[in-house]
Structures are given as structure tokens and as C-alpha cells.
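Take a look at the structure set out below.
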Amino acid sequence: MSDGTVQVLLLPSTKPTFLRNQHQHNVSCIAWQPNSSKTVSVGSLSGVFIWEVTALPKMTSQKGSSMPSRTNLFATNDPVTSLSYTPDGRQCLVTTVTSLMILDCIMGNTLAWIKSVKHPAFIVVSPEYCFSFLAEGQR
């Protein structure tokens, strides 16, 4: 959605739930936490929002519902380009247009912020906790 709202469909429901925040603009990526059906991270222009989907909401209209969920914001200086969780779901690796961040999703803090990374565009984490990222313009 153009206002930064993310729609979540929690099966078996056929009505979407909306994740909204006044600072969540220009959503660029979404990642579900491994081994969890209730935690989703959203990368946007202003940072990473980690939403805790705690319960199915009561449907309030035919269009779906707004879900009051716990949200953590990790602000960034640049737009987020990619998200990837470690296999155990404890850390979330985030790339922005100029940096790489490692977030502790359990404690809610930033473990590392590596700046001056040249245009990271996409990040992946292996089952052995190795990570790699593709930098724009490099092949």
C-alpha cells in the first residue's frame, strides 16, 4: 500500500490484518522470523519495524482489521534494502544503502552497525550463520 501499511493474512482467515505505523513509509522488504508465526520485520525508508503479531484480531469490517501489535523500531540513516534472519531467529541482518546492521531481536538492541559498505542490495544468511550480500553494480 502506498501509505506504508503491510497486509498480513493469517490463515485460515481470509480477511487481511493491517500493520500500520506513522513512521513506516516506502516499505522495501519483509521477513518472517524463523520458527515463529507471530514476528515479522518490515524494512522501510526510516528503518526496521519488528511487529509482534500476538493474537488474531476481531474483524471490524469487510475490509479487514487494524491489529494492535507490539512494534520495535530500529531507526536507520538510510532506506532499508534487505532483511534476513539468522536460522535461530535471534538476530536480523539489515542492509541499508550505505551500511549493514545486526539486530538482536530478543533483547531489542543493535549488536553491530558497519558503515561505509558499498551499496549493499540483498543479504542472505546460511544455516551455518555465514552471511553474504550482493552489492549493486557488482556481479
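Labels used: A, B, ... for chains in the order of the C-alpha cells, numbers from 1 for residues in each chain, and numbers from 1 for ligands as shown.
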
Exercise. Find the residues near Asn109 (chain A): any atom within 12 Å, counting only C-alpha atoms, skip ones fewer than 2 places away on the same chain, and give them as a VMD selection string.
Key: chain A and resid 48 50 72 to 75 90 to 92 101 to 107 111 to 113

Pull N, CA, C and O atoms from the residues just selected and write them as a short mmCIF file (atom, residue, chain, number, x, y, z; two decimals), in the first residue's frame.
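Writing done, so here's out25.cif:
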```cif
data_model
loop_
_atom_site.label_atom_id
_atom_site.label_comp_id
_atom_site.auth_asym_id
_atom_site.auth_seq_id
_atom_site.Cartn_x
_atom_site.Cartn_y
_atom_site.Cartn_z
N VAL A 48 13.77 -0.29 10.44
CA VAL A 48 13.19 -1.62 10.52
C VAL A 48 12.15 -1.64 11.62
O VAL A 48 12.43 -1.25 12.76
N ILE A 50 9.86 -4.16 13.77
CA ILE A 50 9.65 -5.56 14.11
C ILE A 50 8.30 -5.65 14.81
O ILE A 50 8.12 -5.13 15.90
N ASN A 72 8.75 -2.71 17.54
CA ASN A 72 10.05 -2.12 17.84
C ASN A 72 10.55 -1.45 16.59
O ASN A 72 10.46 -2.02 15.50
N LEU A 73 11.10 -0.26 16.72
CA LEU A 73 11.68 0.45 15.59
C LEU A 73 13.18 0.55 15.78
O LEU A 73 13.66 0.99 16.83
N PHE A 74 13.92 0.11 14.77
CA PHE A 74 15.35 0.34 14.71
C PHE A 74 15.55 1.37 13.61
O PHE A 74 15.42 1.06 12.43
N ALA A 75 15.82 2.61 14.00
CA ALA A 75 15.95 3.70 13.03
C ALA A 75 17.27 3.57 12.28
O ALA A 75 18.29 3.16 12.84
N ARG A 90 17.32 -15.24 16.31
CA ARG A 90 17.74 -14.31 17.37
C ARG A 90 18.26 -12.98 16.81
O ARG A 90 18.14 -11.95 17.46
N GLN A 91 18.85 -13.02 15.63
CA GLN A 91 19.37 -11.80 15.02
C GLN A 91 18.73 -11.58 13.65
O GLN A 91 18.38 -12.53 12.96
N CYS A 92 18.62 -10.31 13.32
CA CYS A 92 18.14 -9.91 12.00
C CYS A 92 19.24 -9.07 11.37
O CYS A 92 19.69 -8.09 11.97
N MET A 101 23.60 -3.70 9.33
CA MET A 101 23.28 -3.72 10.76
C MET A 101 22.97 -5.15 11.18
O MET A 101 22.38 -5.91 10.41
N ILE A 102 23.36 -5.49 12.41
CA ILE A 102 22.97 -6.76 13.00
C ILE A 102 22.16 -6.43 14.25
O ILE A 102 22.67 -5.80 15.18
N LEU A 103 20.89 -6.82 14.25
CA LEU A 103 19.97 -6.51 15.33
C LEU A 103 19.75 -7.72 16.22
O LEU A 103 19.62 -8.84 15.72
N ASP A 104 19.69 -7.51 17.52
CA ASP A 104 19.33 -8.56 18.46
C ASP A 104 17.82 -8.47 18.68
O ASP A 104 17.33 -7.55 19.33
N CYS A 105 17.10 -9.40 18.11
CA CYS A 105 15.63 -9.35 18.16
C CYS A 105 15.08 -9.78 19.51
O CYS A 105 13.93 -9.49 19.82
N ILE A 106 15.86 -10.47 20.31
CA ILE A 106 15.41 -10.90 21.63
C ILE A 106 15.56 -9.76 22.64
O ILE A 106 14.63 -9.43 23.38
N MET A 107 16.72 -9.12 22.66
CA MET A 107 16.98 -8.03 23.60
C MET A 107 16.54 -6.67 23.08
O MET A 107 16.43 -5.72 23.84
N LEU A 111 23.45 -4.92 17.65
CA LEU A 111 24.70 -5.58 18.01
C LEU A 111 25.89 -5.01 17.24
O LEU A 111 26.99 -4.90 17.77
N ALA A 112 25.67 -4.67 15.98
CA ALA A 112 26.75 -4.11 15.15
C ALA A 112 26.15 -3.22 14.08
O ALA A 112 25.04 -3.46 13.61
N TRP A 113 26.89 -2.19 13.73
CA TRP A 113 26.49 -1.29 12.65
C TRP A 113 27.74 -1.00 11.85
O TRP A 113 28.60 -0.24 12.29
#
```

Practice problem: List the neighbours of Val42 (chain A) out to 6 Å using only C-alpha atoms; skip same-chain residues closer than 6 positions along the sequence, and give me the result as number ranges by chain. | Solution: A: 29-30, 48-49

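Distances to Thr86 (chain A) were evaluated for A:Leu10, A:Cys130, A:Ile114, A:Leu45 using only C-alpha atoms, and the minimum falls at A:Cys130.
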
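With CA of Ser41 (chain A) on one side and CA of Asp78 (chain A) on the other, the separation reads 16.6 Å.
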
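Interatomic distance, CA of Gly47 (chain A) to CA of Thr76 (chain A): 4.7 Å.
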
Self-check item: Who sits within 12 Å of Ser28 (chain A), only C-alpha atoms, same chain under 2 positions skipped, as number ranges by chain
Solution: A: 1-2, 4-6, 24-26, 30-31, 41-49, 79-83, 94-97, 121-122

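CA of Trp51 (chain A) sits 4.6 Å away from CA of Thr71 (chain A).
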